[in-house]
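To start, the structure under review is shown below, and the notes come after it.
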Amino acid sequence: MSAPVTAVPPAPAGFDVAAERARTPGCATGHHFNAAGAALLAANTVEAVIAQLRAESLHGGYEAARLAADGLAAVYTATGRLLGVDADEIALVESATAGWQRIVSALRLRPGDRVLAARSSYVSSALHLLAVERDTAVRVEVLPNGPDGATDLEALERALRTGPAALVTAAHVPTSSGLVEPAARIGALSAEHGVPFLLDATQSLGQLPVDMPALGCDLLIGTGRKFLRGPRGTGLLAVRRPLLERLAPQAPDVRGARWTAERSWELAPDARRFELWEAAHALRLGLGTALADLHTLGPATVFARLSALAARLRERLGAVPGVRLTDPPAAGGAIVTFVVEGLDASEVQRRLALRRVYLIAVPADHGRWDMDPRGLAKVVRASVHVYTDEGDLDALVEAVSEIAADAGGRDRTGSAAGTDATGAAADTSRTRTPRPRTTPVRASGAGRRDAVVVGLGVHGGAALRQLAERGLDVLGLEQFAAGHDRGSSHGATRMIRRAYPHPDWDGLVDTAYRAWDELEQAAATRLLDITGGLYAAPGQRPDPLRGPGCRTVDRTAAARIFPGLRLPEGFTAVHDPAAGIIDAPATLRAQLALAERAGATVADRTRVTGWRPDGDGVVVRTADGEVRARRLVLCAGPWTPYLVPSLASHLTVTRIVNAYFAADPAGPLGPGGLGSFSVDLPEGLLYGFPAADGRGLKAGLDAGPAWNPNAERPAASADELALLTRAVARVLPGAGRVTESLTCLYTMTPDRRFLVGEVPGVPQALLASACSGHGFKFGPAIGAALADLVCELPRPDLDFLSPARLVAGGAR
């Protein structure tokens, strides 16, 4: 038999989630569902930590601790109040695991002692018990669960009646599910048989009522970083009297003991006996601030809020095709776990992070006693907190729905995909990415390189890296200094989005997001900031944007999503929650660094004056001489018409103006009220980014005069800036004056699609061009595609971008 889960109170009607979000800076960086791992800190908690560190820098650590003595004492009082015990029954420790190890060691378990452990036990606790069992012949008995997934109380009672036990332990809420153990019933049975009950409240403190006397709990451990919203590196240990007087730490410290004579000492009379002298006082004061906030809100109010939120999330996720909830019937509180059929939980976590939805995947080796019997290798864990709002829930459910649909071959309604209208298998070649060869293709011939890449902007740099990492002898040539501002890859930011007018792009878009993730990991550098995006146009636009995970919204809904953007009457927008901002300079640096690390040779300030086919290879002419190679990869941006004259009549090079406008980053034009955006106005397509980098709101118009890339490019004129300012004023009323401007060059085809593939008539030369305006987002993916083609791997998914379509007159 198992006790029922603590009843979920009704959600508090007057709870001010907006206020909680306003004092939680992390809410502006994404949708956070990892409170069960490490919750977002409130601003005043951060300030408390910083203030103490500042005091230590000014006065020294000891003096700063003396000055903060009242504040440090208040942490014990606030913790005791939360747990229903006296302040002197509280010890502050570095982590829940540190508290566990000290208290279990203090129990002095002996050979033959029985420890009754719930299957909810955390991995660190279980490993410690198993090590004690191995080393001291203690008997660890793992209790079975009942039908509702909680500890079987009848089995516990039988175990207690079987013979003396030294300890009963359970995790109030495990790491692997939203289970809530019947702690009060476990405590009552333990007390009835005179056995100490150790409750791991790591996952419950701050989200569930935890009153030690009411739970019959003698010993308790917890951490500050989870639902208490304290800093990492804080934990607590509570020991109730009279058990406290009977327990002594195995390794006394000067904090908890007084050395009274040469071979004797006295323990502190309270729980401080389990503490160490050295402690992070700044972190403890941060924990005290977080506890004070919890008491201000009221633990019961927080419990009601979180339980109601998680119940809604559990219900909504349970209705998504391809998603299976893994919480047992005895679940409750703030944690929801699930799996997406056909996908590893870590892959789900990764794909959600690309959409700025952050949670965690829990593997079975973090909870073997719980997960193995349930046949679970890994689960996705989402946990809500007081700063979670309905928009966060929408973002998570929408993203999971999309991921589940992709994994299961469904469309967004849950119907099976991968078949045509007759039920025949659909052609999936456009979304398959061929596997690179494990052995690079090498040509014979002394002095001939495998490949030469001309132009080291985003696409050339990506191709150079990919070719070098596949073991090819590759040379990269750039006519200007690396990172120059003469072409199309310079500037601080670029946009990434999934919204495109035609499904042909969907496969490449998905490949691009995966490629960015791989590049970030390889470079150990964050390159993307997923802000979400809105892309607006008049409602009757003939080729509206659409895309995986995107939805159309009216101007009222758009104003709710991005309060800083005001669309004209009659406009609609496409909302892409996975859209965001790319750090362009960091991307260029990362790609070239990885390329050189893999063995590529980079020669900047080396102008290519021409090239010609040479048998099965090419000869590239530079100002310094000729270079022979088996393959040539041209990524020359606006200079492409000069290097590939056969395409010159199909390419238009345009001068584009961008400007920064004064804007408060904490206001509606900052990250809290705006993401990446575009609006199709009479002046042209206005696009831009929020004021997030200290330089103001960035905006530009996707239109301008034709331009010779070899000509001088003067700064933006007063007329150009006036046109851009009028466009900004139409939809971004809070923007101030222009503070700086820059120009760049777009190279476009008539159909605004890229050119990626063989130079027409010259199979040994490859091309990536006309990518300006919307090509940066595909950089790492196009680099990988070019490397595949150099290695003679087919890429049928790129057929719609083939340069041959222009020469054949097939542009569409």
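In the structure tokens, chains take letters A, B, ... by order of appearance, with residues numbered from 1 within each chain and ligands from 1 in the order shown.
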| task | Give me every strand (DSSP E) residue in stretch 311-391 of chain A, going by DSSP on the backbone, as a PyMOL selection string. | result | chain A and resi 323-325+335-340+357-358+360-363+378-383
Kindly export the residues of the current selection with C-alpha atoms, as a PDB file, in the first residue's frame.
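The resulting file, part.pdb, is shown below:
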ATOM      1  CA  VAL A 323       5.459  11.734 -26.492  1.00  0.00           C
ATOM      2  CA  ARG A 324       5.183   9.352 -23.546  1.00  0.00           C
ATOM      3  CA  LEU A 325       5.038  10.656 -19.998  1.00  0.00           C
ATOM      4  CA  ILE A 335       8.731  18.060 -12.167  1.00  0.00           C
ATOM      5  CA  VAL A 336       7.500  16.408 -15.373  1.00  0.00           C
ATOM      6  CA  THR A 337       9.436  13.657 -17.168  1.00  0.00           C
ATOM      7  CA  PHE A 338       8.840  12.201 -20.606  1.00  0.00           C
ATOM      8  CA  VAL A 339      10.428  10.562 -23.642  1.00  0.00           C
ATOM      9  CA  VAL A 340       9.993  11.214 -27.346  1.00  0.00           C
ATOM     10  CA  VAL A 357      14.178  25.871 -24.413  1.00  0.00           C
ATOM     11  CA  TYR A 358      16.444  24.597 -21.660  1.00  0.00           C
ATOM     12  CA  ILE A 360      17.927  18.281 -18.852  1.00  0.00           C
ATOM     13  CA  ALA A 361      18.144  14.617 -19.847  1.00  0.00           C
ATOM     14  CA  VAL A 362      18.487  12.220 -16.901  1.00  0.00           C
ATOM     15  CA  PRO A 363      20.252   8.906 -17.679  1.00  0.00           C
ATOM     16  CA  LYS A 378      17.053   8.044 -20.148  1.00  0.00           C
ATOM     17  CA  VAL A 379      14.261  10.590 -19.675  1.00  0.00           C
ATOM     18  CA  VAL A 380      13.748  14.247 -20.445  1.00  0.00           C
ATOM     19  CA  ARG A 381      13.083  16.231 -17.278  1.00  0.00           C
ATOM     20  CA  ALA A 382      11.256  19.563 -17.270  1.00  0.00           C
ATOM     21  CA  SER A 383      10.745  21.493 -14.044  1.00  0.00           C
TER      22      SER A 383
END
Sorted by chain and rising residue number, which residues of stretch 609-631 of chain A lie within 12 Å of stretch 474-489 of chain A, and what are their closest atom pairs and distances in Å to one decimal, counting only C-alpha atoms, as CSV?
residue,atom,partner,partner_atom,distance
A:Thr609,CA,A:Gln479,CA,9.8
A:Val620,CA,A:Leu477,CA,10.2
A:Arg621,CA,A:Leu477,CA,10.9
A:Thr622,CA,A:Leu477,CA,9.1
A:Ala623,CA,A:Gln479,CA,9.8
A:Asp624,CA,A:Leu477,CA,11.4
A:Val627,CA,A:Leu475,CA,9.3
A:Arg628,CA,A:Leu475,CA,10.4
A:Ala629,CA,A:Val474,CA,8.7
A:Arg630,CA,A:Val474,CA,10.0
A:Arg631,CA,A:Val474,CA,9.5
| field | Contacts of A:Glu245 within 10 Å, only C-alpha atoms, excl. fewer than 3 positions in-chain, as a PyMOL selection string | value | chain A and resi 239-242+248+267-271
Now that the selection is made, can you save its residues with N, CA and C atoms as a short mmCIF file (atom, residue, chain, number, x, y, z; two decimals), in the first residue's frame?
data_model
loop_
_atom_site.label_atom_id
_atom_site.label_comp_id
_atom_site.auth_asym_id
_atom_site.auth_seq_id
_atom_site.Cartn_x
_atom_site.Cartn_y
_atom_site.Cartn_z
N VAL A 239 19.55 18.03 11.68
CA VAL A 239 19.53 16.88 12.59
C VAL A 239 18.70 17.28 13.81
N ARG A 240 17.60 16.57 14.01
CA ARG A 240 16.71 16.90 15.13
C ARG A 240 17.21 16.26 16.42
N ARG A 241 16.93 16.98 17.50
CA ARG A 241 17.17 16.40 18.82
C ARG A 241 16.05 15.40 19.12
N PRO A 242 16.31 14.36 19.91
CA PRO A 242 17.55 14.08 20.66
C PRO A 242 18.63 13.34 19.87
N ALA A 248 28.20 12.10 16.17
CA ALA A 248 29.43 12.87 16.12
C ALA A 248 30.10 12.67 14.77
N LEU A 267 32.81 18.57 21.18
CA LEU A 267 32.02 18.93 20.00
C LEU A 267 31.14 20.12 20.29
N ALA A 268 30.84 20.88 19.25
CA ALA A 268 29.87 21.96 19.39
C ALA A 268 28.55 21.36 19.86
N PRO A 269 27.79 22.08 20.69
CA PRO A 269 26.56 21.50 21.23
C PRO A 269 25.42 21.43 20.23
N ASP A 270 25.60 22.00 19.06
CA ASP A 270 24.52 22.04 18.07
C ASP A 270 24.99 21.40 16.77
N ALA A 271 24.18 21.57 15.72
CA ALA A 271 24.49 20.92 14.44
C ALA A 271 25.71 21.51 13.75
#
| said: For A:Gly736, find every residue with an atom within 10 Å (counting only C-alpha atoms), except residues of its own chain fewer than 3 positions away, and show them as a ChimeraX atom specification. | reply: /A:660-664,696-697,725,728-729,732-733,739
What does the file look like for those residues with N, CA and C atoms, as a PDB file, in the first residue's frame?
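Output (result.pdb):
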ATOM      1  N   TYR A 660      22.908  51.517 -36.595  1.00  0.00           N
ATOM      2  CA  TYR A 660      22.524  51.309 -35.208  1.00  0.00           C
ATOM      3  C   TYR A 660      21.755  52.539 -34.723  1.00  0.00           C
ATOM      4  N   PHE A 661      20.657  52.301 -34.006  1.00  0.00           N
ATOM      5  CA  PHE A 661      19.814  53.361 -33.482  1.00  0.00           C
ATOM      6  C   PHE A 661      19.846  53.313 -31.961  1.00  0.00           C
ATOM      7  N   ALA A 662      19.918  54.479 -31.345  1.00  0.00           N
ATOM      8  CA  ALA A 662      19.959  54.541 -29.886  1.00  0.00           C
ATOM      9  C   ALA A 662      18.728  53.856 -29.302  1.00  0.00           C
ATOM     10  N   ALA A 663      18.947  52.979 -28.325  1.00  0.00           N
ATOM     11  CA  ALA A 663      17.847  52.246 -27.692  1.00  0.00           C
ATOM     12  C   ALA A 663      18.322  51.720 -26.351  1.00  0.00           C
ATOM     13  N   ASP A 664      17.422  51.708 -25.393  1.00  0.00           N
ATOM     14  CA  ASP A 664      17.716  51.209 -24.053  1.00  0.00           C
ATOM     15  C   ASP A 664      17.682  49.677 -24.073  1.00  0.00           C
ATOM     16  N   GLY A 696      23.131  49.512 -29.485  1.00  0.00           N
ATOM     17  CA  GLY A 696      21.808  49.956 -29.877  1.00  0.00           C
ATOM     18  C   GLY A 696      21.097  48.982 -30.780  1.00  0.00           C
ATOM     19  N   LEU A 697      19.923  49.382 -31.256  1.00  0.00           N
ATOM     20  CA  LEU A 697      19.118  48.592 -32.188  1.00  0.00           C
ATOM     21  C   LEU A 697      19.789  48.595 -33.557  1.00  0.00           C
ATOM     22  N   THR A 725      15.863  55.474 -41.553  1.00  0.00           N
ATOM     23  CA  THR A 725      15.252  56.014 -40.334  1.00  0.00           C
ATOM     24  C   THR A 725      13.735  56.064 -40.455  1.00  0.00           C
ATOM     25  N   VAL A 728      12.423  52.529 -39.999  1.00  0.00           N
ATOM     26  CA  VAL A 728      12.479  52.128 -38.596  1.00  0.00           C
ATOM     27  C   VAL A 728      11.366  52.783 -37.799  1.00  0.00           C
ATOM     28  N   ALA A 729      11.130  54.059 -38.039  1.00  0.00           N
ATOM     29  CA  ALA A 729      10.096  54.788 -37.289  1.00  0.00           C
ATOM     30  C   ALA A 729       8.713  54.204 -37.505  1.00  0.00           C
ATOM     31  N   LEU A 732       9.154  50.608 -35.232  1.00  0.00           N
ATOM     32  CA  LEU A 732       9.924  50.569 -33.991  1.00  0.00           C
ATOM     33  C   LEU A 732       9.902  51.953 -33.351  1.00  0.00           C
ATOM     34  N   PRO A 733       8.765  52.337 -32.801  1.00  0.00           N
ATOM     35  CA  PRO A 733       8.587  53.729 -32.353  1.00  0.00           C
ATOM     36  C   PRO A 733       9.538  54.165 -31.252  1.00  0.00           C
ATOM     37  N   THR A 739      23.353  56.118 -34.432  1.00  0.00           N
ATOM     38  CA  THR A 739      24.614  56.309 -33.711  1.00  0.00           C
ATOM     39  C   THR A 739      25.824  55.854 -34.517  1.00  0.00           C
TER      40      THR A 739
END
Which stretch 15-75 of chain A residues have any atom within 12 Å of an atom of stretch 393-407 of chain A, and for each, what is the nearest pair of atoms with distance in Å to one decimal, counting only C-alpha atoms, rows sorted by chain and number, as a tab-separated table?
residue	atom	partner	partner_atom	distance
A:Gly30	CA	A:Ala395	CA	9.6
A:His31	CA	A:Ala395	CA	7.3
A:His32	CA	A:Leu396	CA	9.3
A:Phe33	CA	A:Leu396	CA	8.7
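Distances here use only C-alpha atoms; by that measure, the residue among A:Pro645, A:Pro328, A:Gly80, A:Gly233 closest to A:Val180 is A:Pro328.
By chain and then residue number, the residues within 10 Å of A:Asp693 are Ala492, Thr493, Pro665, Gly670, Pro671, Phe689, Pro690, Ala691, Arg695, Gly696, Leu697 and Lys698 of chain A, counting only C-alpha atoms and disregarding those fewer than 2 positions away in sequence.
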Selection export as an mmCIF file, in the first residue's frame, atoms kept: N, CA and C atoms:
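In the end it all went to result.cif:
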data_model
loop_
_atom_site.group_PDB
_atom_site.id
_atom_site.type_symbol
_atom_site.label_atom_id
_atom_site.label_comp_id
_atom_site.auth_asym_id
_atom_site.auth_seq_id
_atom_site.Cartn_x
_atom_site.Cartn_y
_atom_site.Cartn_z
ATOM 1 N N ALA A 492 28.752 42.761 -37.019
ATOM 2 C CA ALA A 492 28.693 42.076 -35.723
ATOM 3 C C ALA A 492 27.732 40.912 -35.698
ATOM 4 N N THR A 493 26.619 40.990 -36.410
ATOM 5 C CA THR A 493 25.545 40.008 -36.223
ATOM 6 C C THR A 493 24.946 39.577 -37.548
ATOM 7 N N PRO A 665 18.797 48.997 -23.786
ATOM 8 C CA PRO A 665 18.771 47.520 -23.815
ATOM 9 C C PRO A 665 17.836 46.915 -22.787
ATOM 10 N N GLY A 670 15.163 46.156 -26.323
ATOM 11 C CA GLY A 670 16.212 45.257 -25.897
ATOM 12 C C GLY A 670 15.760 43.813 -26.001
ATOM 13 N N PRO A 671 16.578 42.874 -25.538
ATOM 14 C CA PRO A 671 16.231 41.447 -25.656
ATOM 15 C C PRO A 671 14.939 41.069 -24.957
ATOM 16 N N PHE A 689 17.851 43.578 -35.335
ATOM 17 C CA PHE A 689 18.087 42.859 -34.089
ATOM 18 C C PHE A 689 17.911 43.809 -32.910
ATOM 19 N N PRO A 690 17.627 43.259 -31.743
ATOM 20 C CA PRO A 690 17.444 44.111 -30.568
ATOM 21 C C PRO A 690 18.755 44.744 -30.102
ATOM 22 N N ALA A 691 18.615 45.708 -29.224
ATOM 23 C CA ALA A 691 19.776 46.389 -28.646
ATOM 24 C C ALA A 691 20.370 45.497 -27.565
ATOM 25 N N ARG A 695 25.453 48.546 -28.506
ATOM 26 C CA ARG A 695 25.562 49.476 -29.635
ATOM 27 C C ARG A 695 24.202 49.975 -30.104
ATOM 28 N N GLY A 696 23.131 49.512 -29.485
ATOM 29 C CA GLY A 696 21.808 49.956 -29.877
ATOM 30 C C GLY A 696 21.097 48.982 -30.780
ATOM 31 N N LEU A 697 19.923 49.382 -31.256
ATOM 32 C CA LEU A 697 19.118 48.592 -32.188
ATOM 33 C C LEU A 697 19.789 48.595 -33.557
ATOM 34 N N LYS A 698 19.963 47.408 -34.152
ATOM 35 C CA LYS A 698 20.549 47.329 -35.479
ATOM 36 C C LYS A 698 19.445 47.077 -36.505
#
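Distance annotation: of A:Val756, A:Pro763, A:Thr531, A:Val195, the residue with the minimal separation from A:Arg612 is A:Pro763; atom set is only C-alpha atoms.
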| field | Interatomic distance (Å, one decimal) between atom CA of A:Ile656 and atom CA of A:Ala590 | value |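 Atom-to-atom, atom CA of A:Ile656 to atom CA of A:Ala590, that is 25.8 Å.
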| field | For atom CA of A:His366 and atom CA of A:Ala155, the interatomic separation in Å (one decimal) | value |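 Value for the atom CA of A:His366-atom CA of A:Ala155 distance: 24.1 Å.
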| Who sits within 9 Å of A:Glu141, only C-alpha atoms, same chain under 3 positions skipped, as a ChimeraX atom specification | /A:114-118,159
With C-alpha atoms retained, could you export that selection as a compact mmCIF listing (two decimals), in the first residue's frame?
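Final output, saved to out.txt:
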# COMPACT_ATOMS: atom_id res chain seq x y z
CA ARG A 114 20.42 -2.99 7.96
CA VAL A 115 19.78 0.11 5.87
CA LEU A 116 16.34 0.25 4.23
CA ALA A 117 16.64 2.43 1.14
CA ALA A 118 13.86 3.57 -1.18
CA ALA A 159 11.07 -5.03 6.63
| request: Can you work out the spacing between atom CA of A:Ser57 and atom CA of A:Val93 in Å, to one decimal? | output: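 Between atom CA of A:Ser57 and atom CA of A:Val93 the gap is 23.3 Å.
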| request: Within 12 Å of stretch 573-576 of chain A, counting only C-alpha atoms, which residues show up once you throw out same-chain ones fewer than 6 positions away? Write them as a count of residues only, please. | output: 53
